[in-house]
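S.K.: So I've got this file, structure_37.cif, and it contains mmCIF, C-alpha atoms:
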```cif
data_final
#
loop_
_atom_site.label_atom_id
_atom_site.label_comp_id
_atom_site.auth_asym_id
_atom_site.auth_seq_id
_atom_site.Cartn_x
_atom_site.Cartn_y
_atom_site.Cartn_z
CA MET A 1 21.07 -23.15 20.26
CA LYS A 2 19.71 -26.00 18.14
CA ASP A 3 18.30 -27.71 21.26
CA LYS A 4 16.61 -24.48 22.23
CA GLY A 5 15.10 -24.24 18.73
CA LEU A 6 13.85 -27.83 18.87
CA ARG A 7 12.41 -27.24 22.33
CA SER A 8 10.42 -24.23 21.11
CA VAL A 9 9.11 -26.25 18.11
CA ASP A 10 8.14 -29.03 20.55
CA LYS A 11 6.39 -26.50 22.78
CA LEU A 12 4.57 -25.08 19.75
CA SER A 13 3.27 -28.47 18.61
CA ARG A 14 2.35 -29.39 22.20
CA ASN A 15 0.34 -26.16 22.44
CA ARG A 16 -1.38 -26.93 19.14
CA ILE A 17 -2.32 -30.44 20.28
CA LYS A 18 -3.57 -29.05 23.60
CA SER A 19 -5.70 -26.45 21.82
CA LEU A 20 -7.09 -29.11 19.44
CA ILE A 21 -8.00 -31.39 22.37
CA ILE A 22 -9.77 -28.49 24.11
CA LYS A 23 -11.72 -27.73 20.92
CA LEU A 24 -12.74 -31.39 20.56
CA LEU A 25 -13.85 -31.52 24.20
CA VAL A 26 -15.93 -28.37 23.72
CA LEU A 27 -17.53 -29.93 20.61
CA CYS A 28 -18.27 -33.13 22.54
CA PHE A 29 -19.82 -31.11 25.36
CA TRP A 30 -22.26 -29.32 23.04
CA LEU A 31 -23.09 -32.51 21.16
CA LEU A 32 -23.87 -34.08 24.54
CA VAL A 33 -26.11 -31.13 25.47
CA TRP A 34 -27.90 -31.52 22.11
CA GLU A 35 -28.28 -35.27 22.64
CA LEU A 36 -29.62 -34.81 26.20
CA LEU A 37 -32.08 -32.13 25.07
CA SER A 38 -33.25 -34.35 22.23
CA ARG A 39 -33.75 -37.27 24.63
CA GLY A 40 -35.49 -34.99 27.14
CA ILE A 41 -37.94 -33.66 24.54
CA ASN A 42 -38.18 -37.12 23.01
CA GLN A 43 -39.84 -35.80 19.85
CA GLU A 44 -37.78 -36.28 16.68
CA LEU A 45 -40.15 -33.85 14.99
CA PHE A 46 -39.07 -30.99 17.25
CA LEU A 47 -35.45 -31.80 17.97
CA PRO A 48 -33.81 -34.76 16.23
CA SER A 49 -30.75 -36.32 17.86
CA PRO A 50 -27.29 -35.41 16.56
CA LYS A 51 -26.78 -38.99 15.41
CA ASN A 52 -29.94 -38.92 13.24
CA VAL A 53 -28.96 -35.53 11.79
CA PHE A 54 -25.49 -36.81 10.85
CA LEU A 55 -27.01 -39.93 9.32
CA THR A 56 -29.37 -37.71 7.29
CA VAL A 57 -26.39 -35.67 6.04
CA ILE A 58 -24.73 -38.90 4.91
CA GLU A 59 -27.96 -40.05 3.21
CA LEU A 60 -28.33 -36.68 1.46
CA SER A 61 -24.71 -36.72 0.36
CA LYS A 62 -25.39 -39.86 -1.69
CA THR A 63 -27.58 -37.83 -4.06
CA SER A 64 -26.27 -35.61 -6.86
CA VAL A 65 -28.81 -32.88 -5.97
CA PHE A 66 -27.02 -32.44 -2.64
CA TRP A 67 -23.66 -31.66 -4.25
CA ILE A 68 -25.12 -29.57 -7.09
CA SER A 69 -27.11 -27.52 -4.55
CA ILE A 70 -24.04 -26.94 -2.41
CA LEU A 71 -21.93 -25.96 -5.40
CA ASN A 72 -24.56 -23.57 -6.80
CA SER A 73 -25.25 -21.85 -3.49
CA PHE A 74 -21.59 -21.73 -2.48
CA LEU A 75 -20.44 -20.23 -5.78
CA ARG A 76 -23.16 -17.59 -5.84
CA ILE A 77 -22.54 -16.52 -2.25
CA ILE A 78 -18.77 -16.43 -2.71
CA ILE A 79 -19.09 -14.37 -5.91
CA GLY A 80 -21.25 -11.85 -4.04
CA PHE A 81 -18.88 -11.89 -1.10
CA ILE A 82 -15.77 -11.25 -3.22
CA ILE A 83 -17.42 -8.45 -5.23
CA GLY A 84 -18.61 -6.84 -1.97
CA LEU A 85 -15.19 -7.14 -0.40
CA VAL A 86 -13.37 -5.66 -3.41
CA ILE A 87 -15.83 -2.82 -4.06
CA GLY A 88 -15.96 -2.06 -0.31
CA ALA A 89 -12.16 -1.85 -0.24
CA ALA A 90 -12.04 0.34 -3.35
CA LEU A 91 -14.68 2.71 -1.93
CA ALA A 92 -12.75 2.82 1.36
CA ALA A 93 -9.57 3.81 -0.48
CA ILE A 94 -11.48 6.57 -2.34
CA ALA A 95 -13.15 7.77 0.88
CA TYR A 96 -9.77 7.81 2.64
CA LYS A 97 -8.38 10.10 -0.04
CA SER A 98 -11.27 12.57 -0.11
CA ARG A 99 -13.24 13.83 2.88
CA LEU A 100 -16.10 14.86 0.57
CA LEU A 101 -16.38 11.36 -0.91
CA PHE A 102 -16.23 9.87 2.59
CA GLU A 103 -19.15 12.07 3.63
CA LEU A 104 -21.04 11.01 0.48
CA ILE A 105 -20.41 7.26 0.75
CA SER A 106 -20.64 6.88 4.52
CA PRO A 107 -24.42 7.41 4.92
CA LEU A 108 -25.11 5.01 2.05
CA MET A 109 -23.12 2.33 3.84
CA LYS A 110 -24.97 3.06 7.11
CA VAL A 111 -28.33 2.71 5.32
CA ILE A 112 -27.27 -0.62 3.75
CA LYS A 113 -26.05 -1.83 7.14
CA ALA A 114 -29.25 -0.86 8.96
CA THR A 115 -31.75 -2.11 6.35
CA PRO A 116 -33.24 -5.50 7.30
CA VAL A 117 -31.99 -8.23 5.01
CA ALA A 118 -35.62 -9.34 4.39
CA SER A 119 -36.41 -5.89 2.91
CA PHE A 120 -33.47 -6.20 0.52
CA ILE A 121 -34.48 -9.71 -0.49
CA ILE A 122 -38.09 -8.76 -1.24
CA LEU A 123 -37.05 -5.60 -3.08
CA ALA A 124 -34.32 -7.38 -5.02
CA LEU A 125 -36.80 -10.05 -6.13
CA VAL A 126 -38.64 -7.28 -7.96
CA TRP A 127 -35.44 -6.14 -9.71
CA ILE A 128 -33.61 -9.36 -10.56
CA ASN A 129 -34.34 -13.06 -11.02
CA SER A 130 -34.14 -15.41 -8.06
CA VAL A 131 -31.01 -17.19 -9.36
CA ASN A 132 -28.83 -14.12 -8.87
CA LEU A 133 -30.58 -12.98 -5.72
CA SER A 134 -28.06 -14.53 -3.29
CA ILE A 135 -25.15 -12.88 -5.18
CA LEU A 136 -26.72 -9.44 -4.68
CA ILE A 137 -27.65 -10.11 -1.04
CA ALA A 138 -24.19 -11.47 -0.12
CA PHE A 139 -22.68 -8.44 -1.88
CA LEU A 140 -24.88 -6.00 0.05
CA MET A 141 -24.11 -7.68 3.36
CA VAL A 142 -20.33 -7.61 2.99
CA LEU A 143 -20.04 -4.20 1.28
CA PRO A 144 -20.52 -1.95 4.37
CA VAL A 145 -18.44 -4.29 6.56
CA SER A 146 -15.57 -4.20 4.09
CA PHE A 147 -15.89 -0.42 3.66
CA SER A 148 -15.95 0.49 7.36
CA ASN A 149 -13.22 -1.97 8.37
CA ILE A 150 -10.83 -0.83 5.67
CA VAL A 151 -11.51 2.85 6.40
CA HIS A 152 -10.66 2.11 10.05
CA GLY A 153 -7.52 0.27 8.97
CA LEU A 154 -6.38 3.14 6.74
CA ASN A 155 -7.05 5.62 9.54
CA SER A 156 -4.93 3.54 11.92
CA ARG A 157 -1.81 3.93 9.75
CA ASP A 158 1.33 5.06 11.53
CA GLU A 159 1.69 8.81 10.91
CA LYS A 160 5.33 8.77 12.02
CA LEU A 161 6.16 6.17 9.38
CA LEU A 162 4.40 8.28 6.76
CA GLU A 163 6.55 11.25 7.80
CA MET A 164 9.60 9.02 7.44
CA ALA A 165 8.40 7.97 3.97
CA LYS A 166 7.93 11.63 3.02
CA ILE A 167 11.47 12.57 4.11
CA PHE A 168 13.06 9.69 2.23
CA GLY A 169 10.83 10.23 -0.81
CA ILE A 170 9.47 6.67 -0.74
CA GLY A 171 7.15 6.05 -3.72
CA ARG A 172 3.43 5.30 -3.53
CA TRP A 173 3.58 1.51 -4.06
CA LYS A 174 6.37 1.08 -1.54
CA ARG A 175 4.37 3.16 0.97
CA ILE A 176 1.31 0.98 0.41
CA ARG A 177 3.35 -2.22 0.88
CA ALA A 178 5.36 -1.05 3.89
CA ILE A 179 2.95 1.21 5.79
CA TYR A 180 -0.66 0.94 4.64
CA LEU A 181 -0.95 -2.84 4.09
CA PRO A 182 0.29 -3.82 7.57
CA ALA A 183 -2.13 -1.26 9.07
CA VAL A 184 -5.09 -2.47 7.02
CA MET A 185 -4.44 -6.23 7.19
CA PRO A 186 -5.92 -6.94 10.67
CA PHE A 187 -9.05 -4.95 9.76
CA PHE A 188 -9.25 -6.70 6.37
CA ILE A 189 -9.03 -10.11 8.04
CA SER A 190 -11.73 -9.08 10.49
CA ALA A 191 -13.91 -7.90 7.55
CA ILE A 192 -13.49 -11.30 5.89
CA SER A 193 -14.35 -13.15 9.08
CA ILE A 194 -17.49 -11.08 9.81
CA GLY A 195 -18.47 -10.72 6.13
CA LEU A 196 -18.30 -14.45 5.38
CA GLY A 197 -20.69 -15.31 8.20
CA PHE A 198 -23.10 -12.55 7.10
CA SER A 199 -22.88 -13.59 3.46
CA PHE A 200 -23.69 -17.23 4.11
CA LYS A 201 -26.56 -16.46 6.48
CA SER A 202 -28.15 -13.80 4.29
CA GLY A 203 -27.39 -15.59 0.99
CA ILE A 204 -29.19 -18.72 2.15
CA ALA A 205 -32.07 -16.60 3.53
CA ALA A 206 -32.35 -15.04 0.07
CA GLU A 207 -32.48 -18.49 -1.50
CA VAL A 208 -35.20 -19.63 0.92
CA ILE A 209 -37.35 -16.71 -0.23
CA GLY A 210 -36.32 -16.69 -3.90
CA ARG A 211 -36.14 -20.51 -4.17
CA PRO A 212 -33.84 -20.88 -7.19
CA MET A 213 -33.55 -24.42 -8.61
CA ASN A 214 -30.91 -26.72 -7.10
CA SER A 215 -29.92 -24.54 -4.18
CA ILE A 216 -29.43 -25.05 -0.45
CA GLY A 217 -32.18 -22.49 0.19
CA LEU A 218 -34.73 -24.42 -1.89
CA ASN A 219 -33.85 -27.64 -0.05
CA LEU A 220 -34.26 -25.87 3.29
CA TYR A 221 -37.61 -24.46 2.17
CA GLU A 222 -38.86 -27.85 1.05
CA ALA A 223 -37.67 -29.47 4.28
CA LYS A 224 -39.68 -26.90 6.22
CA LEU A 225 -42.70 -27.20 3.88
CA TYR A 226 -42.92 -30.95 4.26
CA PHE A 227 -41.96 -30.86 7.94
CA MET A 228 -38.80 -32.90 7.35
CA ILE A 229 -37.06 -31.69 10.50
CA LYS A 230 -34.04 -34.01 10.20
CA GLU A 231 -33.39 -32.67 6.69
CA LEU A 232 -33.85 -29.12 7.96
CA PHE A 233 -31.19 -29.72 10.62
CA ALA A 234 -28.97 -31.58 8.14
CA TRP A 235 -29.00 -28.70 5.65
CA THR A 236 -28.40 -26.18 8.44
CA LEU A 237 -25.41 -28.24 9.55
CA VAL A 238 -24.10 -28.27 5.98
CA ILE A 239 -24.37 -24.45 5.79
CA ILE A 240 -22.49 -24.03 9.09
CA LEU A 241 -19.76 -26.46 8.02
CA LEU A 242 -19.43 -24.78 4.64
CA SER A 243 -19.14 -21.31 6.19
CA VAL A 244 -16.66 -22.37 8.88
CA LEU A 245 -14.56 -24.46 6.48
CA PHE A 246 -14.27 -21.68 3.91
CA GLU A 247 -13.46 -19.12 6.60
CA GLN A 248 -10.71 -21.39 7.94
CA ILE A 249 -9.21 -21.86 4.47
CA VAL A 250 -9.24 -18.11 3.76
CA MET A 251 -7.78 -17.27 7.19
CA ARG A 252 -4.99 -19.81 6.79
CA MET A 253 -4.17 -18.43 3.34
CA LEU A 254 -4.08 -14.88 4.71
CA ARG A 255 -1.91 -15.89 7.67
CA TYR A 256 0.45 -17.72 5.32
CA TYR A 257 0.59 -14.65 3.06
CA ASN A 258 1.25 -12.41 6.07
CA ASN A 259 4.05 -14.64 7.36
CA THR A 260 5.78 -14.93 4.02
CA LYS A 261 5.50 -11.19 3.45
CA SER A 262 6.95 -10.29 6.84
CA ASN A 263 9.94 -12.64 6.51
CA MET B 1 24.42 26.44 -1.24
CA ASP B 2 24.27 27.04 2.50
CA ILE B 3 21.03 26.48 4.40
CA LYS B 4 19.86 29.65 6.09
CA VAL B 5 17.28 29.81 8.86
CA ASN B 6 15.89 33.32 9.13
CA ASN B 7 13.92 34.58 12.15
CA ILE B 8 11.95 31.37 12.71
CA CYS B 9 9.20 31.45 15.34
CA LYS B 10 7.09 28.48 16.38
CA SER B 11 4.65 28.03 19.23
CA PHE B 12 2.36 25.21 20.33
CA ASN B 13 -0.89 26.04 22.16
CA GLY B 14 0.36 29.51 22.99
CA GLN B 15 3.71 28.22 24.28
CA GLN B 16 6.61 29.79 22.37
CA VAL B 17 9.12 27.05 21.49
CA LEU B 18 11.29 28.84 18.92
CA ASP B 19 11.55 32.59 19.25
CA ASN B 20 13.12 34.45 16.35
CA ILE B 21 15.81 31.88 15.63
CA SER B 22 18.38 32.50 12.90
CA MET B 23 21.35 30.35 11.95
CA SER B 24 23.10 28.91 8.91
CA PHE B 25 24.46 25.51 7.95
CA SER B 26 27.42 25.44 5.57
CA GLU B 27 27.11 23.21 2.53
CA GLY B 28 29.09 19.99 2.84
CA GLU B 29 29.86 20.61 6.51
CA VAL B 30 28.71 19.03 9.71
CA THR B 31 26.89 21.22 12.24
CA CYS B 32 25.77 20.11 15.68
CA ILE B 33 22.89 21.76 17.50
CA MET B 34 23.04 21.58 21.29
CA GLY B 35 20.75 22.94 23.94
CA ALA B 36 18.81 22.07 27.07
CA SER B 37 15.77 19.79 26.90
CA GLY B 38 12.64 21.53 25.62
CA VAL B 39 14.57 24.36 23.97
CA GLY B 40 13.14 23.39 20.55
CA LYS B 41 15.91 21.37 18.91
CA THR B 42 13.59 18.68 17.58
CA THR B 43 11.03 21.29 16.53
CA LEU B 44 13.74 23.05 14.53
CA ALA B 45 14.76 19.71 12.95
CA TYR B 46 11.11 19.05 11.98
CA ILE B 47 10.86 22.50 10.42
CA LEU B 48 14.06 21.87 8.46
CA MET B 49 12.67 18.52 7.29
CA GLY B 50 9.45 20.21 6.17
CA LEU B 51 7.31 18.24 8.63
CA LEU B 52 6.31 21.38 10.53
CA GLU B 53 5.47 24.84 9.24
CA PRO B 54 7.00 27.76 11.18
CA ASP B 55 4.59 30.45 12.42
CA SER B 56 6.90 33.03 10.85
CA GLY B 57 10.36 33.23 9.32
CA THR B 58 11.92 31.54 6.30
CA ILE B 59 14.39 28.84 5.37
CA THR B 60 16.50 29.10 2.23
CA GLY B 61 18.85 26.64 0.56
CA LEU B 62 16.69 23.55 0.91
CA LYS B 63 14.77 23.78 -2.35
CA ASP B 64 15.09 20.60 -4.45
CA LYS B 65 17.42 19.09 -1.87
CA LYS B 66 16.95 15.40 -1.11
CA MET B 67 16.84 14.61 2.58
CA ALA B 68 17.65 11.74 4.86
CA ALA B 69 16.89 11.58 8.55
CA VAL B 70 17.55 9.65 11.70
CA PHE B 71 14.58 10.31 13.96
CA GLN B 72 14.61 10.07 17.73
CA GLU B 73 12.21 7.09 17.58
CA ASP B 74 13.97 5.12 14.77
CA ARG B 75 10.76 4.87 12.69
CA LEU B 76 11.54 1.47 11.20
CA ILE B 77 9.07 -0.98 9.67
CA GLU B 78 8.81 -3.18 12.74
CA HIS B 79 8.08 -6.57 11.16
CA TRP B 80 10.72 -6.18 8.44
CA ASP B 81 14.37 -7.08 8.86
CA ALA B 82 17.24 -4.59 8.66
CA ILE B 83 17.99 -5.30 4.99
CA LYS B 84 14.37 -4.73 3.88
CA ASN B 85 14.17 -1.54 5.94
CA ILE B 86 17.33 -0.19 4.35
CA MET B 87 16.41 -1.28 0.81
CA LEU B 88 13.04 0.48 1.18
CA VAL B 89 14.66 3.92 1.04
CA SER B 90 17.65 3.23 -1.17
CA ASN B 91 18.11 3.61 -4.90
CA LYS B 92 17.31 0.86 -7.40
CA ASP B 93 21.01 0.18 -7.91
CA MET B 94 21.54 -0.64 -4.22
CA THR B 95 22.59 -4.27 -3.72
CA ILE B 96 22.01 -6.57 -0.76
CA GLU B 97 25.78 -7.18 -0.66
CA LYS B 98 26.43 -3.47 -0.12
CA VAL B 99 23.84 -3.30 2.65
CA GLN B 100 25.39 -6.39 4.27
CA ARG B 101 28.83 -4.77 4.09
CA HIS B 102 27.53 -1.71 5.92
CA LEU B 103 25.72 -3.81 8.52
CA SER B 104 28.97 -5.72 9.10
CA GLU B 105 30.85 -2.50 9.61
CA ILE B 106 28.47 -1.41 12.29
CA GLY B 107 28.31 -4.82 14.00
CA LEU B 108 24.89 -5.94 12.83
CA ARG B 109 25.68 -8.56 10.20
CA GLU B 110 24.45 -11.53 12.23
CA TYR B 111 21.14 -9.81 13.02
CA GLU B 112 20.37 -8.75 9.45
CA GLY B 113 17.57 -11.29 8.95
CA LYS B 114 15.71 -10.64 12.20
CA PRO B 115 12.60 -8.45 12.29
CA VAL B 116 13.78 -5.14 13.76
CA LYS B 117 11.11 -5.37 16.46
CA ASP B 118 13.20 -8.21 17.96
CA LEU B 119 16.41 -6.11 18.08
CA SER B 120 17.65 -4.09 21.04
CA GLY B 121 17.31 -0.31 21.16
CA GLY B 122 20.96 0.19 20.23
CA MET B 123 20.73 -2.19 17.28
CA ARG B 124 17.60 -0.51 15.97
CA ARG B 125 19.37 2.84 16.25
CA ARG B 126 22.21 1.54 14.11
CA VAL B 127 19.77 0.17 11.51
CA ALA B 128 18.15 3.63 11.34
CA ILE B 129 21.59 5.20 10.85
CA VAL B 130 22.59 2.80 8.05
CA ARG B 131 19.19 3.34 6.42
CA ALA B 132 19.76 7.10 6.35
CA LEU B 133 23.34 6.80 5.10
CA LEU B 134 22.46 4.43 2.27
CA SER B 135 19.56 6.53 1.04
CA ASN B 136 19.86 9.06 -1.71
CA TYR B 137 20.33 12.45 -0.01
CA ASP B 138 21.96 15.88 -0.14
CA VAL B 139 21.17 16.90 3.43
CA LEU B 140 21.28 14.56 6.42
CA ILE B 141 19.43 15.49 9.62
CA MET B 142 20.02 13.34 12.69
CA ASP B 143 18.16 13.80 15.97
CA GLU B 144 20.26 12.38 18.82
CA PRO B 145 21.50 9.52 16.63
CA PHE B 146 23.97 8.08 19.15
CA LYS B 147 21.62 8.04 22.13
CA GLY B 148 21.50 4.68 23.88
CA LEU B 149 24.83 3.44 22.49
CA ASP B 150 27.58 2.52 24.94
CA GLU B 151 30.87 4.45 24.77
CA GLU B 152 32.79 1.94 22.65
CA LEU B 153 29.94 1.45 20.20
CA LYS B 154 29.34 5.19 20.02
CA LYS B 155 32.94 5.75 18.90
CA LYS B 156 32.61 3.04 16.27
CA VAL B 157 29.31 4.44 14.95
CA ILE B 158 30.60 8.03 14.90
CA THR B 159 33.66 6.92 12.91
CA TYR B 160 31.34 5.08 10.51
CA VAL B 161 29.05 8.13 10.12
CA LYS B 162 32.04 10.45 9.57
CA GLU B 163 33.50 8.18 6.91
CA TYR B 164 30.33 7.75 4.85
CA THR B 165 28.84 11.25 5.10
CA ARG B 166 31.91 13.28 4.26
CA GLY B 167 31.05 16.08 1.82
CA TYR B 168 27.33 16.09 2.58
CA THR B 169 25.53 18.77 4.56
CA ARG B 170 24.86 17.26 7.98
CA ILE B 171 22.83 18.67 10.85
CA ILE B 172 23.10 16.69 14.05
CA ILE B 173 21.18 17.31 17.26
CA THR B 174 22.97 16.17 20.38
CA HIS B 175 23.26 16.64 24.12
CA ASP B 176 26.84 15.46 24.27
CA ARG B 177 29.77 17.83 23.73
CA GLU B 178 32.11 14.88 23.26
CA GLU B 179 30.10 13.82 20.20
CA VAL B 180 30.56 17.31 18.72
CA GLU B 181 34.32 17.02 19.16
CA MET B 182 34.46 13.53 17.71
CA LEU B 183 32.43 14.65 14.70
CA GLU B 184 34.69 17.71 14.31
CA ALA B 185 31.52 19.72 13.88
CA LYS B 186 30.63 23.36 14.01
CA LEU B 187 28.52 23.93 17.13
CA ILE B 188 25.34 25.96 17.45
CA THR B 189 23.83 26.26 20.90
CA LEU B 190 20.11 26.88 21.17
CA ILE B 191 19.13 28.90 24.24
#
```
In structure tokens, what does this structure look like?

M.R.:
Amino acid sequence: MKDKGLRSVDKLSRNRIKSLIIKLLVLCFWLLVWELLSRGINQELFLPSPKNVFLTVIELSKTSVFWISILNSFLRIIIGFIIGLVIGAALAAIAYKSRLLFELISPLMKVIKATPVASFIILALVWINSVNLSILIAFLMVLPVSFSNIVHGLNSRDEKLLEMAKIFGIGRWKRIRAIYLPAVMPFFISAISIGLGFSFKSGIAAEVIGRPMNSIGLNLYEAKLYFMIKELFAWTLVIILLSVLFEQIVMRMLRYYNNTKSN
Amino acid sequence: MDIKVNNICKSFNGQQVLDNISMSFSEGEVTCIMGASGVGKTTLAYILMGLLEPDSGTITGLKDKKMAAVFQEDRLIEHWDAIKNIMLVSNKDMTIEKVQRHLSEIGLREYEGKPVKDLSGGMRRRVAIVRALLSNYDVLIMDEPFKGLDEELKKKVITYVKEYTRGYTRIIITHDREEVEMLEAKLITLI
């Protein structure tokens, strides 16, 4: 029995190592493609090599402006993202309870979803100062995603379990924990995954237009203005890493929460 | 107070399932309902549970009564273990030790920590039965509760159910006349 357990743990870690190696090979492949393209074009001004971009990131990271910009942009985008996620979830819960409210809220979410982010950014610049612009934009990007995903999750609840809960007179909080949360969780995780990517992309776009002091967006803008292509690539790489890293952390936390809750 | 079913009719998409059905269930007694497949036994159970509205007819004697049920499909929280499933429906004063004692009695003690989705059909059935028996109820409705259990296990589970439900009003749907005899139940046959 113990041997069998150890064997399955071994198999699990072997699978993890295998998956990690595959991921590294894929990364190497695309870095190679980038390197070959850069060599083929042979113009650092159009496409710098990956090595030069990484070296630029290291150079930038030696300055305090780099870290302050990352912190400022990251915090603002995450604040917008969290507010959007929470309000989207709350609106979804309200819409789930009342058909009328669903009909009222739904078109608003569709309009927000369909409006080009550039329109929001330009409009928002009229309403608020550029410092808070990325908070509002990240919020607006994640709000409809959170709303629609959680509505879908709530609608996918198991009716038979709800009947069971009704017969046994299970209270509201127990119903939420036992029936609604497991139904909503996969949709919630998907909302986080999609919403985070949207928030980072649109939040930085807002900063490029609004140009608040000490922000990633301002650095990107200046890199473009002065034709500093390596810096432009370096900052883009930082944004991607930031977005992926944060998504990974959140996903791991959620998976851990899910596992501990189900055991 | 006895439960009285008076002239219940129910149809689905124009198909009459229950046609003017009347019967009564004595308080504190066990009654088995038998009948061929498709005769409306489960529909009647759903109407008694309040999950379906009859097209016409009335039911008396169920007002303010707390119910427990064993459904045909178990209806357990799949990723939870047996103890959590049982504690979900039980009173605040229920203890894990008591649940464990019951699981032991029904041969499930060593599986108590496994998610129920990993248990066999027969084990899940027994978890659903313990869940119903340890909930707070006045009327217990069981829809083919012993289906899928082998003969020896069935006897053990029926003895367990008899012992812990004595004095409560019990309505049990079954296909098996032997179960009716073992339960020492009053029999109603739906035609």

S.K.: May I ask you to extract the residues of chain A within 10 Å of chain B, using only C-alpha atoms, and to give them as an MDAnalysis selection string?

M.R.: chainID A and resid 158 160:171 174:175 178:179 182 259 261:263

S.K.: Considering only C-alpha atoms, can you say which of A:Phe74, A:Trp127, A:Phe54, A:Tyr257 comes closest to Ser243 (chain A)?

M.R.: A:Phe74

S.K.: Selected by the PyMOL selection byres ((chain B and resi 121-125) around 9) in the shown coordinates: which residues, as a ChimeraX atom specification?

M.R.: /B:70,72-74,76,82,107-108,111,116-117,119-120,126-130,145-150

S.K.: What would the selection look like, as JSON, numbers by chain, if the PyMOL selection byres ((chain A and resi 218) around 10) were run on the coordinates I just shared?

M.R.: {"A": [69, 73, 204, 205, 206, 207, 208, 209, 210, 211, 212, 213, 214, 215, 216, 217, 219, 220, 221, 222, 223, 224]}

S.K.: Those residues with C-alpha atoms, as a PDB file, in the coordinates of the input please?

M.R.:
```pdb
ATOM      1  CA  SER A  69     -27.110 -27.520  -4.550  1.00  0.00           C
ATOM      2  CA  SER A  73     -25.250 -21.850  -3.490  1.00  0.00           C
ATOM      3  CA  ILE A 204     -29.190 -18.720   2.150  1.00  0.00           C
ATOM      4  CA  ALA A 205     -32.070 -16.600   3.530  1.00  0.00           C
ATOM      5  CA  ALA A 206     -32.350 -15.040   0.070  1.00  0.00           C
ATOM      6  CA  GLU A 207     -32.480 -18.490  -1.500  1.00  0.00           C
ATOM      7  CA  VAL A 208     -35.200 -19.630   0.920  1.00  0.00           C
ATOM      8  CA  ILE A 209     -37.350 -16.710  -0.230  1.00  0.00           C
ATOM      9  CA  GLY A 210     -36.320 -16.690  -3.900  1.00  0.00           C
ATOM     10  CA  ARG A 211     -36.140 -20.510  -4.170  1.00  0.00           C
ATOM     11  CA  PRO A 212     -33.840 -20.880  -7.190  1.00  0.00           C
ATOM     12  CA  MET A 213     -33.550 -24.420  -8.610  1.00  0.00           C
ATOM     13  CA  ASN A 214     -30.910 -26.720  -7.100  1.00  0.00           C
ATOM     14  CA  SER A 215     -29.920 -24.540  -4.180  1.00  0.00           C
ATOM     15  CA  ILE A 216     -29.430 -25.050  -0.450  1.00  0.00           C
ATOM     16  CA  GLY A 217     -32.180 -22.490   0.190  1.00  0.00           C
ATOM     17  CA  ASN A 219     -33.850 -27.640  -0.050  1.00  0.00           C
ATOM     18  CA  LEU A 220     -34.260 -25.870   3.290  1.00  0.00           C
ATOM     19  CA  TYR A 221     -37.610 -24.460   2.170  1.00  0.00           C
ATOM     20  CA  GLU A 222     -38.860 -27.850   1.050  1.00  0.00           C
ATOM     21  CA  ALA A 223     -37.670 -29.470   4.280  1.00  0.00           C
ATOM     22  CA  LYS A 224     -39.680 -26.900   6.220  1.00  0.00           C
TER      23      LYS A 224
END
```

S.K.: For CA of Thr63 (chain A) and CA of Ala234 (chain A), determine how far apart the two atoms are, in Å to one decimal place.

M.R.: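 Rounded to one decimal, the two atoms are 13.8 Å apart.
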
S.K.: Hey, what's within 8 Å of region 229-232 of chain A if we count only C-alpha atoms and toss same-chain stuff fewer than 2 positions away? As an mmCIF file with C-alpha atoms, keeping the file's coordinate frame, please?

M.R.:
```
data_model
loop_
_atom_site.group_PDB
_atom_site.id
_atom_site.type_symbol
_atom_site.label_atom_id
_atom_site.label_comp_id
_atom_site.auth_asym_id
_atom_site.auth_seq_id
_atom_site.Cartn_x
_atom_site.Cartn_y
_atom_site.Cartn_z
ATOM 1 C CA GLU A 44 -37.780 -36.280 16.680
ATOM 2 C CA LEU A 45 -40.150 -33.850 14.990
ATOM 3 C CA PHE A 46 -39.070 -30.990 17.250
ATOM 4 C CA LEU A 47 -35.450 -31.800 17.970
ATOM 5 C CA PRO A 48 -33.810 -34.760 16.230
ATOM 6 C CA ASN A 52 -29.940 -38.920 13.240
ATOM 7 C CA VAL A 53 -28.960 -35.530 11.790
ATOM 8 C CA THR A 56 -29.370 -37.710 7.290
ATOM 9 C CA VAL A 57 -26.390 -35.670 6.040
ATOM 10 C CA LEU A 220 -34.260 -25.870 3.290
ATOM 11 C CA ALA A 223 -37.670 -29.470 4.280
ATOM 12 C CA LYS A 224 -39.680 -26.900 6.220
ATOM 13 C CA PHE A 227 -41.960 -30.860 7.940
ATOM 14 C CA ALA A 234 -28.970 -31.580 8.140
ATOM 15 C CA TRP A 235 -29.000 -28.700 5.650
ATOM 16 C CA THR A 236 -28.400 -26.180 8.440
#
```
